[in-house]
>>> print(open('target.cif').read())   # mmCIF, C-alpha atoms
data_query
#
loop_
_atom_site.group_PDB
_atom_site.id
_atom_site.type_symbol
_atom_site.label_atom_id
_atom_site.label_comp_id
_atom_site.auth_asym_id
_atom_site.auth_seq_id
_atom_site.Cartn_x
_atom_site.Cartn_y
_atom_site.Cartn_z
ATOM 1 C CA MET B 1 12.918 24.667 5.070
ATOM 2 C CA ASN B 2 12.308 21.632 7.262
ATOM 3 C CA ILE B 3 9.793 18.902 6.503
ATOM 4 C CA SER B 4 6.221 20.105 6.936
ATOM 5 C CA THR B 5 2.890 19.988 5.150
ATOM 6 C CA LYS B 6 4.130 23.097 3.321
ATOM 7 C CA ASN B 7 7.344 21.344 2.298
ATOM 8 C CA LEU B 8 6.721 17.656 1.609
ATOM 9 C CA ASN B 9 9.416 17.332 -1.052
ATOM 10 C CA LYS B 10 11.955 16.606 1.705
ATOM 11 C CA LEU B 11 9.946 13.654 2.991
ATOM 12 C CA SER B 12 11.502 10.477 1.580
ATOM 13 C CA ASP B 13 9.708 7.597 -0.118
ATOM 14 C CA ILE B 14 7.559 5.133 1.826
ATOM 15 C CA LYS B 15 10.207 2.415 2.190
ATOM 16 C CA THR B 16 12.782 4.889 3.503
ATOM 17 C CA ILE B 17 10.337 6.367 6.032
ATOM 18 C CA LYS B 18 9.346 2.869 7.136
ATOM 19 C CA ASN B 19 12.953 1.831 7.775
ATOM 20 C CA LEU B 20 13.688 5.156 9.446
ATOM 21 C CA SER B 21 10.694 4.700 11.754
ATOM 22 C CA LYS B 22 12.003 1.266 12.743
ATOM 23 C CA SER B 23 15.470 2.725 13.311
ATOM 24 C CA LEU B 24 14.152 5.503 15.559
ATOM 25 C CA ALA B 25 12.269 2.939 17.650
ATOM 26 C CA ALA B 26 15.292 0.631 17.805
ATOM 27 C CA LEU B 27 17.567 3.441 18.970
ATOM 28 C CA ASP B 28 15.116 4.458 21.680
ATOM 29 C CA ALA B 29 14.868 0.811 22.792
ATOM 30 C CA ILE B 30 18.669 0.612 23.026
ATOM 31 C CA LEU B 31 19.010 3.890 24.921
ATOM 32 C CA CYS B 32 15.993 3.517 27.214
ATOM 33 C CA SER B 33 14.814 0.212 28.706
ATOM 34 C CA GLU B 34 11.551 1.734 29.978
ATOM 35 C CA TRP B 35 9.035 1.959 27.153
ATOM 36 C CA GLU B 36 6.900 4.654 28.772
ATOM 37 C CA PHE B 37 9.801 7.118 28.642
ATOM 38 C CA ARG B 38 10.605 6.565 24.958
ATOM 39 C CA TYR B 39 9.633 9.025 22.250
ATOM 40 C CA TYR B 40 9.647 6.674 19.286
ATOM 41 C CA SER B 41 8.079 3.241 18.923
ATOM 42 C CA TYR B 42 7.126 0.846 16.169
ATOM 43 C CA ASP B 43 4.664 -2.032 16.027
ATOM 44 C CA SER B 44 5.411 -4.379 13.142
ATOM 45 C CA LYS B 45 2.316 -6.420 13.992
ATOM 46 C CA TRP B 46 -0.240 -3.674 14.549
ATOM 47 C CA SER B 47 -2.644 -5.820 12.545
ATOM 48 C CA ASP B 48 -2.336 -8.780 10.190
ATOM 49 C CA SER B 49 -1.610 -6.459 7.277
ATOM 50 C CA GLU B 50 -0.517 -3.164 8.858
ATOM 51 C CA GLU B 51 2.446 -1.706 10.729
ATOM 52 C CA LEU B 52 2.535 1.463 12.811
ATOM 53 C CA GLY B 53 5.295 3.913 13.658
ATOM 54 C CA SER B 54 4.701 6.368 16.499
ATOM 55 C CA MET B 55 6.060 9.429 18.246
ATOM 56 C CA ARG B 56 4.751 10.871 21.515
ATOM 57 C CA ASP B 57 6.434 13.755 23.280
ATOM 58 C CA GLY B 58 4.915 13.230 26.724
ATOM 59 C CA SER B 59 3.160 16.596 26.594
ATOM 60 C CA GLY B 60 0.247 15.589 24.401
ATOM 61 C CA SER B 61 1.636 15.951 20.902
ATOM 62 C CA GLU B 62 2.274 12.881 18.750
ATOM 63 C CA TYR B 63 2.147 11.293 15.336
ATOM 64 C CA LYS B 64 1.164 7.886 14.000
ATOM 65 C CA ILE B 65 2.429 6.534 10.678
ATOM 66 C CA LEU B 66 0.398 3.746 9.136
ATOM 67 C CA PHE B 67 2.049 1.389 6.658
ATOM 68 C CA ASN B 68 -0.301 -0.922 4.782
ATOM 69 C CA GLN B 69 -0.542 -2.701 1.435
ATOM 70 C CA TYR B 70 -1.760 0.474 -0.261
ATOM 71 C CA GLY B 71 0.886 2.915 0.968
ATOM 72 C CA ALA B 72 1.389 5.051 4.055
ATOM 73 C CA ALA B 73 -0.396 7.792 5.975
ATOM 74 C CA ILE B 74 0.768 10.132 8.737
ATOM 75 C CA ASN B 75 -1.651 11.447 11.344
ATOM 76 C CA GLY B 76 -0.159 14.262 13.388
ATOM 77 C CA PHE B 77 -1.476 16.085 16.419
ATOM 78 C CA ASP B 78 0.077 19.214 17.914
ATOM 79 C CA CYS B 79 -1.691 19.931 21.203
ATOM 80 C CA ASP B 80 -0.731 23.624 20.996
ATOM 81 C CA SER B 81 -2.029 24.164 17.471
ATOM 82 C CA LYS B 82 -5.014 26.405 16.854
ATOM 83 C CA MET B 83 -6.160 23.623 14.528
ATOM 84 C CA SER B 84 -6.693 21.165 17.357
ATOM 85 C CA PRO B 85 -10.204 19.661 17.326
ATOM 86 C CA TRP B 86 -10.301 20.016 21.104
ATOM 87 C CA ILE B 87 -10.228 23.823 21.214
ATOM 88 C CA SER B 88 -13.989 24.033 20.710
ATOM 89 C CA LYS B 89 -16.787 22.782 22.942
ATOM 90 C CA LYS B 90 -17.905 20.483 20.154
ATOM 91 C CA PRO B 91 -14.687 18.870 18.835
ATOM 92 C CA LYS B 92 -14.366 18.899 15.063
ATOM 93 C CA TYR B 93 -11.596 18.443 12.528
ATOM 94 C CA TRP B 94 -10.120 21.484 10.814
ATOM 95 C CA PRO B 95 -11.693 22.016 7.363
ATOM 96 C CA GLY B 96 -9.873 20.349 4.489
ATOM 97 C CA LEU B 97 -7.652 18.012 6.522
ATOM 98 C CA PHE B 98 -8.926 14.891 4.799
ATOM 99 C CA GLU B 99 -10.000 16.417 1.507
ATOM 100 C CA ASN B 100 -9.239 14.031 -1.398
ATOM 101 C CA MET B 101 -7.842 11.443 1.012
ATOM 102 C CA PRO B 102 -7.901 7.956 -0.568
ATOM 103 C CA SER B 103 -10.528 5.621 0.851
ATOM 104 C CA GLU B 104 -7.713 3.170 1.655
ATOM 105 C CA PHE B 105 -6.926 5.274 4.751
ATOM 106 C CA GLN B 106 -10.481 5.934 5.925
ATOM 107 C CA GLU B 107 -10.414 3.146 8.511
ATOM 108 C CA PHE B 108 -7.182 4.544 9.938
ATOM 109 C CA ILE B 109 -8.742 7.878 10.860
ATOM 110 C CA ASP B 110 -12.059 6.370 11.928
ATOM 111 C CA THR B 111 -10.748 3.804 14.424
ATOM 112 C CA GLU B 112 -8.746 4.111 17.614
ATOM 113 C CA PRO B 113 -6.433 5.575 18.613
ATOM 114 C CA ILE B 114 -6.756 8.453 16.105
ATOM 115 C CA PRO B 115 -10.198 9.768 17.202
ATOM 116 C CA SER B 116 -9.037 9.963 20.826
ATOM 117 C CA ILE B 117 -5.715 11.584 19.945
ATOM 118 C CA GLY B 118 -6.958 14.117 17.417
ATOM 119 C CA THR B 119 -5.534 15.483 14.166
ATOM 120 C CA THR B 120 -3.956 18.788 13.202
ATOM 121 C CA PHE B 121 -2.304 17.491 10.016
ATOM 122 C CA PHE B 122 -2.735 14.454 7.788
ATOM 123 C CA ILE B 123 -0.374 13.306 5.036
ATOM 124 C CA TRP B 124 -0.652 10.310 2.731
ATOM 125 C CA ARG B 125 1.020 8.548 -0.156
ATOM 126 C CA LEU B 126 -0.237 5.565 -2.136
ATOM 127 C CA ASN B 127 2.340 3.165 -3.537
ATOM 128 C CA LYS B 128 1.602 4.467 -7.024
ATOM 129 C CA ASP B 129 2.076 8.108 -6.026
ATOM 130 C CA LYS B 130 5.295 9.954 -6.768
ATOM 131 C CA THR B 131 4.817 12.449 -3.928
ATOM 132 C CA TRP B 132 3.228 12.782 -0.487
ATOM 133 C CA LYS B 133 -0.081 14.637 -0.397
ATOM 134 C CA THR B 134 -2.362 16.544 1.959
ATOM 135 C CA GLY B 135 -5.820 18.024 1.854
ATOM 136 C CA THR B 136 -6.438 21.660 0.970
ATOM 137 C CA VAL B 137 -6.057 23.534 4.240
ATOM 138 C CA THR B 138 -6.126 27.230 5.096
ATOM 139 C CA PHE B 139 -4.119 27.842 8.242
ATOM 140 C CA PRO B 140 -5.531 30.002 11.028
ATOM 141 C CA LYS B 141 -4.120 33.490 11.352
ATOM 142 C CA GLY B 142 -0.926 33.355 13.382
ATOM 143 C CA GLY B 143 -0.978 29.574 13.631
ATOM 144 C CA ASP B 144 0.004 26.355 11.880
ATOM 145 C CA ASP B 145 -0.579 22.596 12.103
ATOM 146 C CA GLY B 146 2.584 21.687 14.046
ATOM 147 C CA SER B 147 3.933 19.452 11.291
ATOM 148 C CA GLU B 148 7.341 21.137 11.083
ATOM 149 C CA GLU B 149 7.912 20.721 14.815
ATOM 150 C CA LEU B 150 6.871 17.073 14.870
ATOM 151 C CA LEU B 151 8.260 15.738 11.589
ATOM 152 C CA TYR B 152 11.772 17.211 11.552
ATOM 153 C CA ILE B 153 13.193 13.905 12.849
ATOM 154 C CA LEU B 154 12.203 12.238 9.572
ATOM 155 C CA ASP B 155 14.931 14.072 7.627
ATOM 156 C CA GLY B 156 17.044 10.884 7.746
ATOM 157 C CA ASN B 157 20.110 12.698 9.101
ATOM 158 C CA PRO B 158 21.796 10.723 11.948
ATOM 159 C CA LEU B 159 22.995 14.009 13.457
ATOM 160 C CA THR B 160 19.374 15.099 13.928
ATOM 161 C CA TYR B 161 18.603 12.089 16.115
ATOM 162 C CA GLN B 162 21.929 12.252 17.955
ATOM 163 C CA LYS B 163 21.382 15.877 18.924
ATOM 164 C CA TRP B 164 17.825 15.201 20.052
ATOM 165 C CA ALA B 165 18.695 12.027 21.999
ATOM 166 C CA GLU B 166 21.614 13.584 23.868
ATOM 167 C CA GLU B 167 19.370 16.400 25.038
ATOM 168 C CA TYR B 168 16.369 14.225 25.881
ATOM 169 C CA TYR B 169 18.179 11.289 27.516
ATOM 170 C CA GLU B 170 20.913 13.494 28.981
ATOM 171 C CA MET B 171 23.697 11.179 27.886
ATOM 172 C CA GLU B 172 26.381 10.935 25.242
ATOM 173 C CA VAL B 173 25.059 9.150 22.161
ATOM 174 C CA SER B 174 27.464 7.597 19.663
ATOM 175 C CA LEU B 175 26.990 8.990 16.177
ATOM 176 C CA ASP B 176 28.421 5.745 14.842
ATOM 177 C CA LEU B 177 25.649 3.848 16.620
ATOM 178 C CA VAL B 178 22.994 6.077 15.075
ATOM 179 C CA LYS B 179 24.521 5.724 11.604
ATOM 180 C CA LYS B 180 24.630 1.937 11.856
ATOM 181 C CA ILE B 181 21.044 1.692 13.077
ATOM 182 C CA TYR B 182 19.883 4.125 10.383
ATOM 183 C CA GLY B 183 21.577 1.767 7.925
ATOM 184 C CA MET B 184 19.436 -1.110 9.242
ATOM 185 C CA ASN B 185 22.557 -3.083 10.178
ATOM 186 C CA LYS B 186 21.783 -6.345 11.957
ATOM 187 C CA ILE B 187 22.284 -6.168 15.717
ATOM 188 C CA ASP B 188 24.186 -8.939 17.490
ATOM 189 C CA ALA B 189 26.274 -9.208 20.647
ATOM 190 C CA SER B 190 29.485 -8.139 18.888
ATOM 191 C CA PHE B 191 27.692 -5.105 17.427
ATOM 192 C CA LEU B 192 26.691 -3.907 20.888
ATOM 193 C CA LYS B 193 30.107 -4.687 22.393
ATOM 194 C CA LYS B 194 32.012 -2.904 19.648
ATOM 195 C CA LEU B 195 29.942 0.235 20.085
ATOM 196 C CA LYS B 196 30.243 -0.003 23.885
ATOM 197 C CA VAL B 197 26.493 -0.024 24.419
ATOM 198 C CA GLU B 198 25.464 -1.037 27.929
ATOM 199 C CA ILE B 199 22.182 -2.952 27.999
ATOM 200 C CA ASP B 200 20.367 -3.513 31.295
ATOM 201 C CA ASP B 201 18.164 -6.342 30.044
ATOM 202 C CA LEU B 202 19.280 -8.092 26.861
ATOM 203 C CA ASP B 203 16.191 -10.320 26.714
ATOM 204 C CA GLN B 204 13.910 -7.307 26.878
ATOM 205 C CA LEU B 205 15.855 -5.537 24.147
ATOM 206 C CA ARG B 206 15.599 -8.638 21.981
ATOM 207 C CA ASN B 207 11.842 -8.773 22.454
ATOM 208 C CA ASP B 208 11.501 -5.052 21.753
ATOM 209 C CA LEU B 209 13.498 -5.309 18.533
ATOM 210 C CA VAL B 210 11.453 -8.317 17.404
ATOM 211 C CA ASP B 211 8.260 -6.304 17.965
ATOM 212 C CA ILE B 212 9.769 -3.432 15.995
ATOM 213 C CA GLY B 213 10.783 -5.749 13.191
ATOM 214 C CA TYR B 214 14.408 -4.617 13.319
ATOM 215 C CA PRO B 215 16.983 -7.223 12.143
ATOM 216 C CA ILE B 216 18.821 -8.980 15.011
ATOM 217 C CA ASN B 217 20.998 -12.044 15.588
ATOM 218 C CA PHE B 218 21.181 -12.657 19.325
#
>>> encode(input="target.cif", output="structure tokens")
Amino acid sequence: MNISTKNLNKLSDIKTIKNLSKSLAALDAILCSEWEFRYYSYDSKWSDSEELGSMRDGSGSEYKILFNQYGAAINGFDCDSKMSPWISKKPKYWPGLFENMPSEFQEFIDTEPIPSIGTTFFIWRLNKDKTWKTGTVTFPKGGDDGSEELLYILDGNPLTYQKWAEEYYEMEVSLDLVKKIYGMNKIDASFLKKLKVEIDDLDQLRNDLVDIGYPINF
């Protein structure tokens, strides 16, 4: 089974997910100079004490991963899910989504952009926890929360990103590049030249990688 709220044992620890989120954003920045067309992004300075990883598919579905001093939390929204708060005239969260959620993540779900986006699944893990957790949710008949479709990229397998990127960006993507970025290898001019990566705007890429918090030397 793939990663989902029904199968959280395949979701790695907080540090690994944090580095992976930075790697996904860095790869998208390398492959696509236009931010609005990227799937994955990362803001290492979302606030003074928080960082935020994001995915948006351009069709309305997305996730946000908050990293703070207490741990991490994932807010996911599948626009096609029967659990969407927007399917009723009076929007409301699906019962149980935030049940037993630590108070350390309350501000995350109460402040923008989460209320405007919506939530169909919510996952959290405090630094002291040994596993990721969710509320107690009963899925609607014939439906789910969309977590398997949105979180599969977090399996940490370079082949998963390569396959996705080649289809989405309609270009050949070097597996070696993906492996090196997944390994959080520092990017410099020789790194890009060796992997034959063509960059339209090196200054922009540098700025993007600084915002992501990915290690660079150029």
>>> residues_near_point(input="target.cif", point="(3.8, 13.9, 28.8)", cutoff="12 Å", atoms="all atoms listed in the file", output="PyMOL selection string")
chain B and resi 36-39+55-62+79
>>> resolve_selection(input="target.cif", expression="the PyMOL selection byres ((chain B and resi 132-140) around 10)", output="PyMOL selection string")
chain B and resi 5-14+72-74+81-83+94-101+121-126+129-131+141-145
>>> residues_near_point(input="target.cif", point="(24.2, -3.8, 18.4)", cutoff="12 Å", atoms="all atoms listed in the file", output="MDAnalysis selection string")
chainID B and resid 26:27 29:31 174 176:181 184:199 202 205:206 209 214:218
>>> closest_residue(input="target.cif", among="B:Glu172, B:Pro113, B:Asn68, B:Ser33", to="B:Asp48", atoms="all atoms listed in the file")
B:Asn68
>>> resolve_selection(input="target.cif", expression="the PyMOL selection byres ((chain B and resi 155) around 12)", output="list in words")
Met1, Asn2, Ile3, Ser4, Asn7, Leu8, Asn9, Lys10, Leu11, Ser12, Asp13, Thr16, Ile17, Leu20, Ser21, Leu24, Glu148, Leu150, Leu151, Tyr152, Ile153, Leu154, Gly156, Asn157, Pro158, Leu159, Thr160, Tyr161 and Tyr182 of chain B
>>> write_last_selection(input="target.cif", atoms="C-alpha atoms", output="short mmCIF file (atom, residue, chain, number, x, y, z; two decimals), keeping the file's coordinate frame")
data_model
loop_
_atom_site.label_atom_id
_atom_site.label_comp_id
_atom_site.auth_asym_id
_atom_site.auth_seq_id
_atom_site.Cartn_x
_atom_site.Cartn_y
_atom_site.Cartn_z
CA MET B 1 12.92 24.67 5.07
CA ASN B 2 12.31 21.63 7.26
CA ILE B 3 9.79 18.90 6.50
CA SER B 4 6.22 20.10 6.94
CA ASN B 7 7.34 21.34 2.30
CA LEU B 8 6.72 17.66 1.61
CA ASN B 9 9.42 17.33 -1.05
CA LYS B 10 11.96 16.61 1.70
CA LEU B 11 9.95 13.65 2.99
CA SER B 12 11.50 10.48 1.58
CA ASP B 13 9.71 7.60 -0.12
CA THR B 16 12.78 4.89 3.50
CA ILE B 17 10.34 6.37 6.03
CA LEU B 20 13.69 5.16 9.45
CA SER B 21 10.69 4.70 11.75
CA LEU B 24 14.15 5.50 15.56
CA GLU B 148 7.34 21.14 11.08
CA LEU B 150 6.87 17.07 14.87
CA LEU B 151 8.26 15.74 11.59
CA TYR B 152 11.77 17.21 11.55
CA ILE B 153 13.19 13.90 12.85
CA LEU B 154 12.20 12.24 9.57
CA GLY B 156 17.04 10.88 7.75
CA ASN B 157 20.11 12.70 9.10
CA PRO B 158 21.80 10.72 11.95
CA LEU B 159 23.00 14.01 13.46
CA THR B 160 19.37 15.10 13.93
CA TYR B 161 18.60 12.09 16.11
CA TYR B 182 19.88 4.12 10.38
#
>>> atom_distance(input="target.cif", atom1="atom CA of B:Ser44", atom2="atom CA of B:Glu104")
19.0 Å
>>> resolve_selection(input="target.cif", expression="the PyMOL selection byres ((chain B and resi 108) around 10)", output="VMD selection string")
chain B and resid 64 to 66 73 to 75 103 to 107 109 to 115
>>> axis_aligned_box(input="target.cif", around="stretch 164-170 of chain B", padding_each_side="3 Å", output="lines of an AutoDock Vina configuration file")
center_x = 19.0
center_y = 13.8
center_z = 24.5
size_x = 11.2
size_y = 11.1
size_z = 14.9
>>> atom_distance(input="target.cif", atom1="atom CA of B:Asp43", atom2="atom CA of B:Val210")
9.4 Å
>>> closest_residue(input="target.cif", among="B:Gly76, B:Asp28, B:Tyr63, B:Asn127", to="B:Lys15", atoms="all atoms listed in the file")
B:Asn127
>>> closest_residue(input="target.cif", among="B:Pro91, B:Lys128, B:Asp200, B:Gly118", to="B:Gly71", atoms="only C-alpha atoms")
B:Lys128
>>> atom_distance(input="target.cif", atom1="atom CA of B:Phe77", atom2="atom CA of B:Gly146")
7.3 Å
>>> decode(input="target.cif", residues="stretch 91-108 of chain B", atoms="N, CA, C and O atoms", output="compact mmCIF listing (two decimals), in the first residue's frame")
# COMPACT_ATOMS: atom_id res chain seq x y z
N PRO B 91 -20.18 25.36 4.61
CA PRO B 91 -18.93 24.59 4.70
C PRO B 91 -18.60 24.17 6.13
O PRO B 91 -18.72 24.96 7.06
N LYS B 92 -18.21 22.91 6.29
CA LYS B 92 -17.81 22.42 7.60
C LYS B 92 -16.84 21.26 7.42
O LYS B 92 -16.89 20.51 6.44
N TYR B 93 -15.93 21.14 8.39
CA TYR B 93 -14.94 20.07 8.33
C TYR B 93 -15.59 18.71 8.59
O TYR B 93 -16.56 18.60 9.35
N TRP B 94 -15.03 17.68 7.97
CA TRP B 94 -15.52 16.32 8.17
C TRP B 94 -15.30 15.92 9.63
O TRP B 94 -14.24 16.20 10.20
N PRO B 95 -16.26 15.26 10.24
CA PRO B 95 -16.15 14.88 11.66
C PRO B 95 -14.89 14.05 11.95
O PRO B 95 -14.56 13.12 11.21
N GLY B 96 -14.21 14.42 13.01
CA GLY B 96 -13.06 13.65 13.48
C GLY B 96 -11.72 14.05 12.91
O GLY B 96 -10.67 13.56 13.36
N LEU B 97 -11.69 14.93 11.92
CA LEU B 97 -10.43 15.29 11.27
C LEU B 97 -9.37 15.77 12.26
O LEU B 97 -8.19 15.42 12.14
N PHE B 98 -9.78 16.57 13.21
CA PHE B 98 -8.83 17.17 14.14
C PHE B 98 -8.96 16.62 15.56
O PHE B 98 -8.43 17.19 16.50
N GLU B 99 -9.63 15.49 15.67
CA GLU B 99 -9.81 14.88 16.98
C GLU B 99 -8.46 14.49 17.58
O GLU B 99 -7.63 13.86 16.93
N ASN B 100 -8.22 14.92 18.82
CA ASN B 100 -6.98 14.64 19.56
C ASN B 100 -5.76 15.35 18.98
O ASN B 100 -4.63 15.03 19.35
N MET B 101 -5.97 16.30 18.08
CA MET B 101 -4.85 17.06 17.54
C MET B 101 -4.20 17.89 18.65
O MET B 101 -4.89 18.54 19.43
N PRO B 102 -2.87 17.88 18.74
CA PRO B 102 -2.19 18.69 19.76
C PRO B 102 -2.46 20.18 19.55
O PRO B 102 -2.56 20.66 18.42
N SER B 103 -2.56 20.90 20.65
CA SER B 103 -2.83 22.34 20.58
C SER B 103 -1.72 23.09 19.86
O SER B 103 -1.94 24.20 19.37
N GLU B 104 -0.54 22.48 19.76
CA GLU B 104 0.60 23.12 19.09
C GLU B 104 0.33 23.39 17.60
O GLU B 104 1.02 24.19 16.97
N PHE B 105 -0.69 22.73 17.04
CA PHE B 105 -1.00 22.92 15.62
C PHE B 105 -2.32 23.65 15.39
O PHE B 105 -2.76 23.79 14.25
N GLN B 106 -2.93 24.11 16.46
CA GLN B 106 -4.23 24.78 16.35
C GLN B 106 -4.14 26.05 15.49
O GLN B 106 -5.00 26.31 14.64
N GLU B 107 -3.10 26.83 15.69
CA GLU B 107 -2.95 28.07 14.93
C GLU B 107 -2.80 27.78 13.44
O GLU B 107 -3.27 28.55 12.60
N PHE B 108 -2.16 26.68 13.12
CA PHE B 108 -1.94 26.30 11.72
C PHE B 108 -3.26 26.11 10.98
O PHE B 108 -3.43 26.58 9.85
